[in-house]
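Let me begin by presenting the structure, written as structure tokens, before commenting on it.
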Amino acid sequence: MSRKILVTSALPYANGPLHLGHVIEQVQTDIWVRFQRMRGHDCHYLCAEDAHGTPIMIRAQQQGVAPEELIAAVAREHVQDSQGFLIGHDAYHSTHSEENRRLTREIYERLRAAGHIARRSVRQAYDEQARMFLPDRYVRGTCPRCGTPEQYGDACESCGATYSPAELREPKSTLSGTTPVWRESEHLFFRLGNFEAMLREWLTPERLQPAVRAKLEEWFQAGLADWDISRDAPYFGFEVPDAPGKYFYVWFDAPIGYIASFETLRARSGVDFAAYWQSETATELHHFIGKDISYFHTLFWPAVLHGAGLRRPTAVHVHGFLTINGQKMSKSRGTFITARRYLERLPPEPLRYYFAAKLGPGVEDIDLSLEDFVARTNSDIVGKLVNIASRCAGFVARGGGRLAAALPDPALQARFVAAGESIAALYEARDYAAAMREIMALADEANQYVDHHKPWVLAREPARAAEVLAVATQGINLFRVLMSYLAPVLPAMAQQAGTFLGCALERWEAVATPLLGGTLQPYRPLATRLDAAAVQGLVETPAMPAADARQPAGDRISAAAIPASVGIADFQKLDLRVARVVEARAVEGSDKLLQLTLDLGGERRNVFSGIRAAYAPEQLTGRLVLMIANLEPRKMRFGVSEGMVLSAAGKDGGLYLLAPDAGAAPGMKVS
């Protein structure tokens, strides 16, 4: 049965660039949305700029521009970066919009009419030098609970305690560095305690993870305090209609921005407001957020919605923080990686895959280990997934480009198809890490199937051409199943694979019917190995001597960087390996090159070599060669070469391969 689903991720704040912490949440959300669509469900993904508050007002003043100009410029950058990571928002709006102004006022007036708004004076931090009341986060001091210094005025990052700025020890204004004074000001409050019974009924295991529910229980036990939803001028936001000089606190109108974004979708596509925002049975509403803002989304937001006569979320999915190499993202450590910095250096899909391979259904922190990122991407995407297609496509092309009319092992195909339901259940539960493990285990099976049947050996006997084509057809179909299961994670690669296969990978159940008898398009490389040096370059480190910064030990090397004479230390930088030629074919448009698919003992590489004058392709299949495995990839007119085979120039000018002695095996390191 088709479901109607509305999905949001947290609104990025319009005060700075997207960083990888934003990206992991948007990727997590985007994968879930794409999966739902592949299952045939009607799923919409909404987001917007979080555009109000004191930080934006102050930054605009510092830059000498209007806040509206600042948030428009930041929004353009955010949209470009999200698109760079292949995030498919159906609507992306702004909380500083007429739709949000109208909705915020309507919801406030409904809450006020129902008796959920109170007024009373508060004692508030005031910076006499800056001449303004200070938001909680503009006061820093020592945590009153655990004694950790330099904590914000609303919560401690060390022990998790929440409190008011007045409770901080040795408070200081972050604007002027002076000690704030305390002044009285009348504020508006949302009576959260009115909704305790409703919230306890709403907080079921189906809606929230166990760790989040446990944290909420602590807040219930402490008592649900009224929520201050107003701020004093000067403040960039919406003025409260019945309180001149007071503005809605950014956290009151920010989640209402989800509804404002929906309004832009409704104006464009005609989706029904009542079905999505008034009924909890006709449709689903899912929020993806970080654990630092779970308080707002699991207490205040459902209470505000319910108090205003709107539906509550179906579920709130909370994730942990992102760390880099085991550390918090930090500008001082160089681990604060912006989305733009990443996209300027590396393609998006390897990171989408790596995040998927780390994301589970819980709220644990997720670590981006740059070394593991390189190893896992090169092993899983290039060494396992893509090489199924690359090694089988050549045999299909050699047989005329058409797939066989039947599969030699339909039971194997059926097992791969049957695994789709367990993988789908893992996607649904947001256990992407387990899904990736299951998919890659199948990829190992597919490679073992090809290795077992050795089409490169069978191809030496012309009489067995039909058998070669059958094995390759089986491999291509296994690849199609795996690529379909990975389409929510690797959407661009799936689209390219669909072009190669001649069928779009858009429906989960489509893999039940194998591809037989059809024509494949010419194979183009779907992925290349990540360069370790480029990945390490994401982290800004202190300046080093040129030679060290350019060529750290163990990284890939450039052919242009090899000097005329070397010492032992330089020689040891070369990763010389034994490889087996899985497939060799002539390169159309070149008189010198052969394209080699090399097996390094479970990992496969694509290498171009100028040995065509000395060898026919069929002479090389199954042969052992020596190669430089850590040579940086070289982009050529015919594709990307991922290493270099060693050869020597003969007297006739031809290049002849250097071969290892008997007993060598693929993957062995040469020393």
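Each chain in the structure tokens gets a letter, A, B, ..., in the order shown, and its residues are numbered from 1; ligands are numbered from 1 in order too.
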
Find the residues of region 372-457 of chain A that sit at most 12 Å from region 348-358 of chain A; for each, write down the nearest two atoms and how far apart they are in Å, to one decimal. Count only C-alpha atoms. Sort by chain, then by number going up, and give it as a tab-separated table.
residue	atom	partner	partner_atom	distance
A:Asp372	CA	A:Tyr354	CA	9.0
A:Phe373	CA	A:Tyr354	CA	6.4
A:Val374	CA	A:Pro350	CA	8.8
A:Ala375	CA	A:Tyr354	CA	10.3
A:Arg376	CA	A:Tyr354	CA	7.4
A:Thr377	CA	A:Pro350	CA	6.0
A:Asn378	CA	A:Pro350	CA	8.9
A:Ser379	CA	A:Pro350	CA	11.2
A:Asp380	CA	A:Tyr353	CA	9.4
A:Ile381	CA	A:Pro350	CA	7.9
A:Val382	CA	A:Pro350	CA	10.1
A:Leu426	CA	A:Ala356	CA	11.5
A:Tyr427	CA	A:Ala356	CA	10.0
A:Arg430	CA	A:Ala356	CA	9.3
A:Asp431	CA	A:Ala356	CA	8.5
A:Tyr432	CA	A:Ala356	CA	5.2
A:Ala433	CA	A:Ala357	CA	4.2
A:Ala434	CA	A:Ala357	CA	7.5
A:Ala435	CA	A:Ala357	CA	8.0
A:Met436	CA	A:Ala357	CA	5.7
A:Arg437	CA	A:Ala357	CA	7.5
A:Glu438	CA	A:Ala357	CA	10.6
A:Ile439	CA	A:Ala357	CA	10.6
A:Met440	CA	A:Ala357	CA	10.3

Could the residues in this selection be saved with N, CA and C atoms as a PDB file, in the first residue's frame?
ATOM      1  N   ASP A 372      40.235   5.572   6.942  1.00  0.00           N
ATOM      2  CA  ASP A 372      39.221   4.536   6.722  1.00  0.00           C
ATOM      3  C   ASP A 372      38.327   4.901   5.554  1.00  0.00           C
ATOM      4  N   PHE A 373      38.049   6.189   5.387  1.00  0.00           N
ATOM      5  CA  PHE A 373      37.243   6.678   4.262  1.00  0.00           C
ATOM      6  C   PHE A 373      37.860   6.246   2.941  1.00  0.00           C
ATOM      7  N   VAL A 374      39.163   6.457   2.776  1.00  0.00           N
ATOM      8  CA  VAL A 374      39.852   6.065   1.548  1.00  0.00           C
ATOM      9  C   VAL A 374      39.798   4.552   1.369  1.00  0.00           C
ATOM     10  N   ALA A 375      40.152   3.823   2.422  1.00  0.00           N
ATOM     11  CA  ALA A 375      40.233   2.367   2.321  1.00  0.00           C
ATOM     12  C   ALA A 375      38.869   1.750   2.012  1.00  0.00           C
ATOM     13  N   ARG A 376      37.834   2.211   2.706  1.00  0.00           N
ATOM     14  CA  ARG A 376      36.515   1.606   2.523  1.00  0.00           C
ATOM     15  C   ARG A 376      35.944   1.935   1.154  1.00  0.00           C
ATOM     16  N   THR A 377      36.101   3.175   0.728  1.00  0.00           N
ATOM     17  CA  THR A 377      35.583   3.561  -0.582  1.00  0.00           C
ATOM     18  C   THR A 377      36.274   2.772  -1.683  1.00  0.00           C
ATOM     19  N   ASN A 378      37.601   2.735  -1.642  1.00  0.00           N
ATOM     20  CA  ASN A 378      38.335   2.038  -2.695  1.00  0.00           C
ATOM     21  C   ASN A 378      38.055   0.545  -2.686  1.00  0.00           C
ATOM     22  N   SER A 379      37.877  -0.020  -1.515  1.00  0.00           N
ATOM     23  CA  SER A 379      37.602  -1.450  -1.423  1.00  0.00           C
ATOM     24  C   SER A 379      36.175  -1.779  -1.850  1.00  0.00           C
ATOM     25  N   ASP A 380      35.177  -1.062  -1.289  1.00  0.00           N
ATOM     26  CA  ASP A 380      33.788  -1.432  -1.513  1.00  0.00           C
ATOM     27  C   ASP A 380      33.261  -0.971  -2.870  1.00  0.00           C
ATOM     28  N   ILE A 381      33.402   0.322  -3.155  1.00  0.00           N
ATOM     29  CA  ILE A 381      32.806   0.849  -4.386  1.00  0.00           C
ATOM     30  C   ILE A 381      33.617   0.433  -5.610  1.00  0.00           C
ATOM     31  N   VAL A 382      34.940   0.626  -5.545  1.00  0.00           N
ATOM     32  CA  VAL A 382      35.779   0.346  -6.714  1.00  0.00           C
ATOM     33  C   VAL A 382      36.166  -1.131  -6.770  1.00  0.00           C
ATOM     34  N   LEU A 426      16.046  -2.729   6.555  1.00  0.00           N
ATOM     35  CA  LEU A 426      17.139  -1.982   7.186  1.00  0.00           C
ATOM     36  C   LEU A 426      17.106  -0.512   6.769  1.00  0.00           C
ATOM     37  N   TYR A 427      16.848  -0.243   5.501  1.00  0.00           N
ATOM     38  CA  TYR A 427      16.694   1.147   5.059  1.00  0.00           C
ATOM     39  C   TYR A 427      15.546   1.816   5.813  1.00  0.00           C
ATOM     40  N   ARG A 430      16.402   2.935   9.110  1.00  0.00           N
ATOM     41  CA  ARG A 430      17.546   3.849   9.066  1.00  0.00           C
ATOM     42  C   ARG A 430      18.834   3.172   9.534  1.00  0.00           C
ATOM     43  N   ASP A 431      18.878   1.846   9.462  1.00  0.00           N
ATOM     44  CA  ASP A 431      20.104   1.128   9.798  1.00  0.00           C
ATOM     45  C   ASP A 431      20.901   0.940   8.517  1.00  0.00           C
ATOM     46  N   TYR A 432      21.375   2.060   7.996  1.00  0.00           N
ATOM     47  CA  TYR A 432      22.089   2.021   6.722  1.00  0.00           C
ATOM     48  C   TYR A 432      23.380   1.210   6.821  1.00  0.00           C
ATOM     49  N   ALA A 433      24.033   1.286   7.958  1.00  0.00           N
ATOM     50  CA  ALA A 433      25.298   0.562   8.120  1.00  0.00           C
ATOM     51  C   ALA A 433      25.091  -0.932   7.907  1.00  0.00           C
ATOM     52  N   ALA A 434      24.039  -1.484   8.501  1.00  0.00           N
ATOM     53  CA  ALA A 434      23.751  -2.907   8.319  1.00  0.00           C
ATOM     54  C   ALA A 434      23.358  -3.202   6.879  1.00  0.00           C
ATOM     55  N   ALA A 435      22.624  -2.295   6.250  1.00  0.00           N
ATOM     56  CA  ALA A 435      22.252  -2.482   4.842  1.00  0.00           C
ATOM     57  C   ALA A 435      23.486  -2.529   3.958  1.00  0.00           C
ATOM     58  N   MET A 436      24.448  -1.613   4.210  1.00  0.00           N
ATOM     59  CA  MET A 436      25.669  -1.602   3.394  1.00  0.00           C
ATOM     60  C   MET A 436      26.463  -2.890   3.601  1.00  0.00           C
ATOM     61  N   ARG A 437      26.494  -3.387   4.828  1.00  0.00           N
ATOM     62  CA  ARG A 437      27.216  -4.645   5.074  1.00  0.00           C
ATOM     63  C   ARG A 437      26.577  -5.792   4.296  1.00  0.00           C
ATOM     64  N   GLU A 438      25.254  -5.835   4.291  1.00  0.00           N
ATOM     65  CA  GLU A 438      24.575  -6.921   3.582  1.00  0.00           C
ATOM     66  C   GLU A 438      24.789  -6.809   2.079  1.00  0.00           C
ATOM     67  N   ILE A 439      24.739  -5.598   1.556  1.00  0.00           N
ATOM     68  CA  ILE A 439      24.948  -5.401   0.124  1.00  0.00           C
ATOM     69  C   ILE A 439      26.370  -5.780  -0.279  1.00  0.00           C
ATOM     70  N   MET A 440      27.349  -5.385   0.529  1.00  0.00           N
ATOM     71  CA  MET A 440      28.731  -5.695   0.180  1.00  0.00           C
ATOM     72  C   MET A 440      29.047  -7.180   0.346  1.00  0.00           C
TER      73      MET A 440
END

Long-range neighbours of region 639-644 of chain A as a PyMOL selection string, 12 Å cut-off, only C-alpha atoms, 2 positions minimum in chain: chain A and resi 378+382-383+523-531+556-559+574-579+587-588+593-600+603-611+625-637+646-647+657-658

Suppose you want the space between CA of Ala497 (chain A) and CA of Leu482 (chain A); what is it in Å? 10.9 Å

Please, which residues in region 252-289 of chain A fall within 9 Å of region 87-100 of chain A when counting only C-alpha atoms, and what is the closest atom pair and distance in Å to one decimal for each, ordered by chain then residue number, as CSV?
residue,atom,partner,partner_atom,distance
A:Asp253,CA,A:Thr95,CA,7.1
A:Ala254,CA,A:Thr95,CA,6.1
A:Pro255,CA,A:Thr95,CA,8.5
A:Ile256,CA,A:Asn100,CA,6.7
A:Gly257,CA,A:Thr95,CA,5.0
A:Tyr258,CA,A:Thr95,CA,8.4
A:Ile259,CA,A:Asn100,CA,7.7
A:Ala260,CA,A:Asn100,CA,5.0
A:Ser261,CA,A:His93,CA,5.1
A:Phe262,CA,A:Ala91,CA,7.1
A:Glu263,CA,A:Glu99,CA,7.2
A:Thr264,CA,A:Ala91,CA,6.8
A:Leu265,CA,A:Ala91,CA,5.8

Using only N, CA and C atoms, please write the residues we just selected to a file, as a PDB file, in the first residue's frame.
ATOM      1  N   ASP A 253       9.560  30.353  15.611  1.00  0.00           N
ATOM      2  CA  ASP A 253       9.144  30.391  14.208  1.00  0.00           C
ATOM      3  C   ASP A 253       9.961  29.466  13.302  1.00  0.00           C
ATOM      4  N   ALA A 254      11.129  28.968  13.776  1.00  0.00           N
ATOM      5  CA  ALA A 254      11.961  28.128  12.905  1.00  0.00           C
ATOM      6  C   ALA A 254      11.256  26.839  12.490  1.00  0.00           C
ATOM      7  N   PRO A 255      10.722  26.021  13.414  1.00  0.00           N
ATOM      8  CA  PRO A 255      10.046  24.805  12.945  1.00  0.00           C
ATOM      9  C   PRO A 255       8.770  25.082  12.163  1.00  0.00           C
ATOM     10  N   ILE A 256       8.152  26.224  12.419  1.00  0.00           N
ATOM     11  CA  ILE A 256       6.990  26.599  11.604  1.00  0.00           C
ATOM     12  C   ILE A 256       7.432  26.779  10.151  1.00  0.00           C
ATOM     13  N   GLY A 257       8.733  27.020   9.962  1.00  0.00           N
ATOM     14  CA  GLY A 257       9.292  27.095   8.613  1.00  0.00           C
ATOM     15  C   GLY A 257       9.108  25.819   7.810  1.00  0.00           C
ATOM     16  N   TYR A 258       8.973  24.677   8.481  1.00  0.00           N
ATOM     17  CA  TYR A 258       8.652  23.442   7.756  1.00  0.00           C
ATOM     18  C   TYR A 258       7.315  23.603   7.026  1.00  0.00           C
ATOM     19  N   ILE A 259       6.340  24.175   7.746  1.00  0.00           N
ATOM     20  CA  ILE A 259       5.011  24.349   7.150  1.00  0.00           C
ATOM     21  C   ILE A 259       5.070  25.403   6.045  1.00  0.00           C
ATOM     22  N   ALA A 260       5.850  26.466   6.266  1.00  0.00           N
ATOM     23  CA  ALA A 260       5.991  27.500   5.234  1.00  0.00           C
ATOM     24  C   ALA A 260       6.607  26.920   3.968  1.00  0.00           C
ATOM     25  N   SER A 261       7.584  26.047   4.136  1.00  0.00           N
ATOM     26  CA  SER A 261       8.193  25.399   2.972  1.00  0.00           C
ATOM     27  C   SER A 261       7.166  24.516   2.266  1.00  0.00           C
ATOM     28  N   PHE A 262       6.330  23.826   3.058  1.00  0.00           N
ATOM     29  CA  PHE A 262       5.260  23.020   2.475  1.00  0.00           C
ATOM     30  C   PHE A 262       4.315  23.892   1.649  1.00  0.00           C
ATOM     31  N   GLU A 263       4.056  25.105   2.117  1.00  0.00           N
ATOM     32  CA  GLU A 263       3.155  26.001   1.389  1.00  0.00           C
ATOM     33  C   GLU A 263       3.690  26.320  -0.010  1.00  0.00           C
ATOM     34  N   THR A 264       4.999  26.457  -0.131  1.00  0.00           N
ATOM     35  CA  THR A 264       5.556  26.706  -1.473  1.00  0.00           C
ATOM     36  C   THR A 264       5.391  25.466  -2.350  1.00  0.00           C
ATOM     37  N   LEU A 265       5.510  24.278  -1.743  1.00  0.00           N
ATOM     38  CA  LEU A 265       5.276  23.037  -2.496  1.00  0.00           C
ATOM     39  C   LEU A 265       3.811  22.935  -2.898  1.00  0.00           C
TER      40      LEU A 265
END

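Here CA of Arg402 (chain A) and CA of Gly518 (chain A) stand 5.4 Å from one another.
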
Excluding region 460-465 of chain A and its own-chain neighbours fewer than 2 positions away, which residues fall within 9 Å of it when counting only C-alpha atoms? Please give them as a PDB file with all heavy atoms, in the first residue's frame.
ATOM      1  N   GLY A 399      31.276 -10.536 -27.187  1.00  0.00           N
ATOM      2  CA  GLY A 399      30.275 -11.441 -27.763  1.00  0.00           C
ATOM      3  C   GLY A 399      29.227 -10.734 -28.600  1.00  0.00           C
ATOM      4  O   GLY A 399      28.192 -11.333 -28.906  1.00  0.00           O
ATOM      5  N   PRO A 455      35.951 -16.423 -16.651  1.00  0.00           N
ATOM      6  CA  PRO A 455      35.650 -16.212 -18.080  1.00  0.00           C
ATOM      7  C   PRO A 455      36.879 -15.840 -18.896  1.00  0.00           C
ATOM      8  O   PRO A 455      36.910 -16.107 -20.102  1.00  0.00           O
ATOM      9  CB  PRO A 455      34.616 -15.079 -18.049  1.00  0.00           C
ATOM     10  CG  PRO A 455      34.792 -14.415 -16.721  1.00  0.00           C
ATOM     11  CD  PRO A 455      35.217 -15.487 -15.784  1.00  0.00           C
ATOM     12  N   TRP A 456      37.886 -15.271 -18.283  1.00  0.00           N
ATOM     13  CA  TRP A 456      39.109 -14.925 -19.017  1.00  0.00           C
ATOM     14  C   TRP A 456      39.872 -16.177 -19.465  1.00  0.00           C
ATOM     15  O   TRP A 456      40.585 -16.147 -20.457  1.00  0.00           O
ATOM     16  CB  TRP A 456      40.002 -14.024 -18.168  1.00  0.00           C
ATOM     17  CG  TRP A 456      40.341 -14.575 -16.811  1.00  0.00           C
ATOM     18  CD1 TRP A 456      41.393 -15.349 -16.481  1.00  0.00           C
ATOM     19  CD2 TRP A 456      39.585 -14.387 -15.615  1.00  0.00           C
ATOM     20  NE1 TRP A 456      41.362 -15.668 -15.148  1.00  0.00           N
ATOM     21  CE2 TRP A 456      40.268 -15.082 -14.584  1.00  0.00           C
ATOM     22  CE3 TRP A 456      38.415 -13.696 -15.297  1.00  0.00           C
ATOM     23  CZ2 TRP A 456      39.808 -15.108 -13.268  1.00  0.00           C
ATOM     24  CZ3 TRP A 456      37.964 -13.725 -13.994  1.00  0.00           C
ATOM     25  CH2 TRP A 456      38.647 -14.416 -12.994  1.00  0.00           C
ATOM     26  N   VAL A 457      39.694 -17.245 -18.723  1.00  0.00           N
ATOM     27  CA  VAL A 457      40.302 -18.516 -19.138  1.00  0.00           C
ATOM     28  C   VAL A 457      39.439 -19.184 -20.202  1.00  0.00           C
ATOM     29  O   VAL A 457      39.945 -19.685 -21.221  1.00  0.00           O
ATOM     30  CB  VAL A 457      40.487 -19.451 -17.928  1.00  0.00           C
ATOM     31  CG1 VAL A 457      41.001 -20.816 -18.381  1.00  0.00           C
ATOM     32  CG2 VAL A 457      41.448 -18.825 -16.919  1.00  0.00           C
ATOM     33  N   LEU A 458      38.114 -19.183 -19.972  1.00  0.00           N
ATOM     34  CA  LEU A 458      37.203 -19.781 -20.946  1.00  0.00           C
ATOM     35  C   LEU A 458      37.321 -19.105 -22.303  1.00  0.00           C
ATOM     36  O   LEU A 458      37.168 -19.754 -23.346  1.00  0.00           O
ATOM     37  CB  LEU A 458      35.755 -19.671 -20.446  1.00  0.00           C
ATOM     38  CG  LEU A 458      35.413 -20.350 -19.111  1.00  0.00           C
ATOM     39  CD1 LEU A 458      33.960 -20.074 -18.749  1.00  0.00           C
ATOM     40  CD2 LEU A 458      35.669 -21.847 -19.188  1.00  0.00           C
ATOM     41  N   GLU A 467      29.429 -19.908 -23.285  1.00  0.00           N
ATOM     42  CA  GLU A 467      29.584 -20.063 -21.845  1.00  0.00           C
ATOM     43  C   GLU A 467      30.138 -18.781 -21.221  1.00  0.00           C
ATOM     44  O   GLU A 467      29.698 -18.353 -20.142  1.00  0.00           O
ATOM     45  CB  GLU A 467      30.519 -21.240 -21.565  1.00  0.00           C
ATOM     46  CG  GLU A 467      30.562 -21.657 -20.105  1.00  0.00           C
ATOM     47  CD  GLU A 467      31.422 -22.885 -19.894  1.00  0.00           C
ATOM     48  OE1 GLU A 467      31.802 -23.549 -20.883  1.00  0.00           O
ATOM     49  OE2 GLU A 467      31.733 -23.175 -18.719  1.00  0.00           O
ATOM     50  N   VAL A 468      31.099 -18.158 -21.904  1.00  0.00           N
ATOM     51  CA  VAL A 468      31.658 -16.881 -21.433  1.00  0.00           C
ATOM     52  C   VAL A 468      30.564 -15.824 -21.349  1.00  0.00           C
ATOM     53  O   VAL A 468      30.434 -15.102 -20.353  1.00  0.00           O
ATOM     54  CB  VAL A 468      32.794 -16.408 -22.364  1.00  0.00           C
ATOM     55  CG1 VAL A 468      33.230 -14.983 -22.001  1.00  0.00           C
ATOM     56  CG2 VAL A 468      33.979 -17.352 -22.291  1.00  0.00           C
ATOM     57  N   LEU A 469      29.734 -15.740 -22.402  1.00  0.00           N
ATOM     58  CA  LEU A 469      28.662 -14.745 -22.425  1.00  0.00           C
ATOM     59  C   LEU A 469      27.653 -15.009 -21.310  1.00  0.00           C
ATOM     60  O   LEU A 469      27.152 -14.075 -20.671  1.00  0.00           O
ATOM     61  CB  LEU A 469      27.969 -14.762 -23.781  1.00  0.00           C
ATOM     62  CG  LEU A 469      26.821 -13.755 -23.949  1.00  0.00           C
ATOM     63  CD1 LEU A 469      27.327 -12.329 -23.780  1.00  0.00           C
ATOM     64  CD2 LEU A 469      26.143 -13.929 -25.306  1.00  0.00           C
ATOM     65  N   ALA A 470      27.369 -16.260 -21.037  1.00  0.00           N
ATOM     66  CA  ALA A 470      26.413 -16.595 -19.987  1.00  0.00           C
ATOM     67  C   ALA A 470      26.924 -16.166 -18.618  1.00  0.00           C
ATOM     68  O   ALA A 470      26.179 -15.588 -17.815  1.00  0.00           O
ATOM     69  CB  ALA A 470      26.128 -18.099 -20.002  1.00  0.00           C
ATOM     70  N   GLU A 618      44.406 -11.185 -26.147  1.00  0.00           N
ATOM     71  CA  GLU A 618      44.158 -12.542 -25.671  1.00  0.00           C
ATOM     72  C   GLU A 618      45.407 -13.216 -25.111  1.00  0.00           C
ATOM     73  O   GLU A 618      45.320 -14.206 -24.370  1.00  0.00           O
ATOM     74  CB  GLU A 618      43.553 -13.399 -26.793  1.00  0.00           C
ATOM     75  CG  GLU A 618      44.385 -13.468 -28.049  1.00  0.00           C
ATOM     76  CD  GLU A 618      44.030 -12.374 -29.048  1.00  0.00           C
ATOM     77  OE1 GLU A 618      43.405 -11.360 -28.648  1.00  0.00           O
ATOM     78  OE2 GLU A 618      44.385 -12.527 -30.218  1.00  0.00           O
ATOM     79  N   GLN A 619      46.605 -12.692 -25.447  1.00  0.00           N
ATOM     80  CA  GLN A 619      47.840 -13.257 -24.902  1.00  0.00           C
ATOM     81  C   GLN A 619      48.030 -12.923 -23.417  1.00  0.00           C
ATOM     82  O   GLN A 619      48.816 -13.572 -22.728  1.00  0.00           O
ATOM     83  CB  GLN A 619      49.056 -12.730 -25.684  1.00  0.00           C
ATOM     84  CG  GLN A 619      49.168 -13.207 -27.110  1.00  0.00           C
ATOM     85  CD  GLN A 619      50.364 -12.573 -27.784  1.00  0.00           C
ATOM     86  OE1 GLN A 619      50.308 -11.454 -28.269  1.00  0.00           O
ATOM     87  NE2 GLN A 619      51.484 -13.287 -27.786  1.00  0.00           N
ATOM     88  N   THR A 621      45.469 -12.345 -20.930  1.00  0.00           N
ATOM     89  CA  THR A 621      44.471 -12.763 -19.945  1.00  0.00           C
ATOM     90  C   THR A 621      45.007 -13.895 -19.067  1.00  0.00           C
ATOM     91  O   THR A 621      45.490 -14.910 -19.557  1.00  0.00           O
ATOM     92  CB  THR A 621      43.188 -13.214 -20.657  1.00  0.00           C
ATOM     93  OG1 THR A 621      42.721 -12.167 -21.493  1.00  0.00           O
ATOM     94  CG2 THR A 621      42.110 -13.557 -19.632  1.00  0.00           C
TER      95      THR A 621
END

When you look at region 113-124 of chain A with a cut-off of 7 Å (counting only C-alpha atoms), what residues show up, excluding the ones that are within fewer than 3 positions of it in the same chain? I need them as a VMD selection string. chain A and resid 109 to 110 133 182 to 191

Can you write out as JSON lines which residues of region 358-414 of chain A fall within 12 Å of region 314-322 of chain A, alongside each residue's closest atom pair and its distance in Å to one decimal, counting only C-alpha atoms and ordering rows by chain and ascending residue number?
{"residue": "A:Lys358", "atom": "CA", "partner": "A:Leu322", "partner_atom": "CA", "distance": 10.5}
{"residue": "A:Leu359", "atom": "CA", "partner": "A:His319", "partner_atom": "CA", "distance": 8.3}
{"residue": "A:Gly360", "atom": "CA", "partner": "A:His319", "partner_atom": "CA", "distance": 8.5}
{"residue": "A:Pro361", "atom": "CA", "partner": "A:His319", "partner_atom": "CA", "distance": 7.8}
{"residue": "A:Gly362", "atom": "CA", "partner": "A:His319", "partner_atom": "CA", "distance": 6.5}
{"residue": "A:Val363", "atom": "CA", "partner": "A:His319", "partner_atom": "CA", "distance": 4.4}
{"residue": "A:Glu364", "atom": "CA", "partner": "A:Gly320", "partner_atom": "CA", "distance": 4.8}
{"residue": "A:Asp365", "atom": "CA", "partner": "A:Gly320", "partner_atom": "CA", "distance": 4.1}
{"residue": "A:Ile366", "atom": "CA", "partner": "A:Leu322", "partner_atom": "CA", "distance": 4.9}
{"residue": "A:Asp367", "atom": "CA", "partner": "A:Leu322", "partner_atom": "CA", "distance": 5.7}
{"residue": "A:Leu368", "atom": "CA", "partner": "A:Leu322", "partner_atom": "CA", "distance": 7.1}
{"residue": "A:Ser369", "atom": "CA", "partner": "A:Leu322", "partner_atom": "CA", "distance": 10.5}

Mind listing the strand (DSSP E or B) residues of region 67-153 of chain A, per DSSP on the backbone, as a list in words?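 Taking region 67-153 of chain A and keeping strand (DSSP E or B) only, one gets Ala91, Tyr92, His93, Ser94, Ile117, Ala118, Arg119, Arg120, Ser121, Val122, Arg123, Gln124, Ala125, Tyr126, Asp127, Met132, Phe133, Val139, Arg140, Gly141, Thr142, Gln151 and Tyr152 of chain A.
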
Could you work out how far CA of Pro666 (chain A) lies from CA of Leu624 (chain A), giving the answer in Å with one decimal?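 Here the two named atoms are 7.4 Å from each other.
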
Which of these, A:Lys246, A:Lys592, A:Arg231, A:Arg200, has the shortest distance to Pro135 (chain A) once you count only C-alpha atoms?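 Of all the options, A:Arg231 lies closest to Pro135 (chain A).
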
Could you list, as an MDAnalysis selection string, every residue within 10 Å of Glu68 (chain A), counting only C-alpha atoms and ignoring same-chain residues fewer than 2 positions away? chainID A and resid 51:52 56:57 60 65:66 70:73 96 236
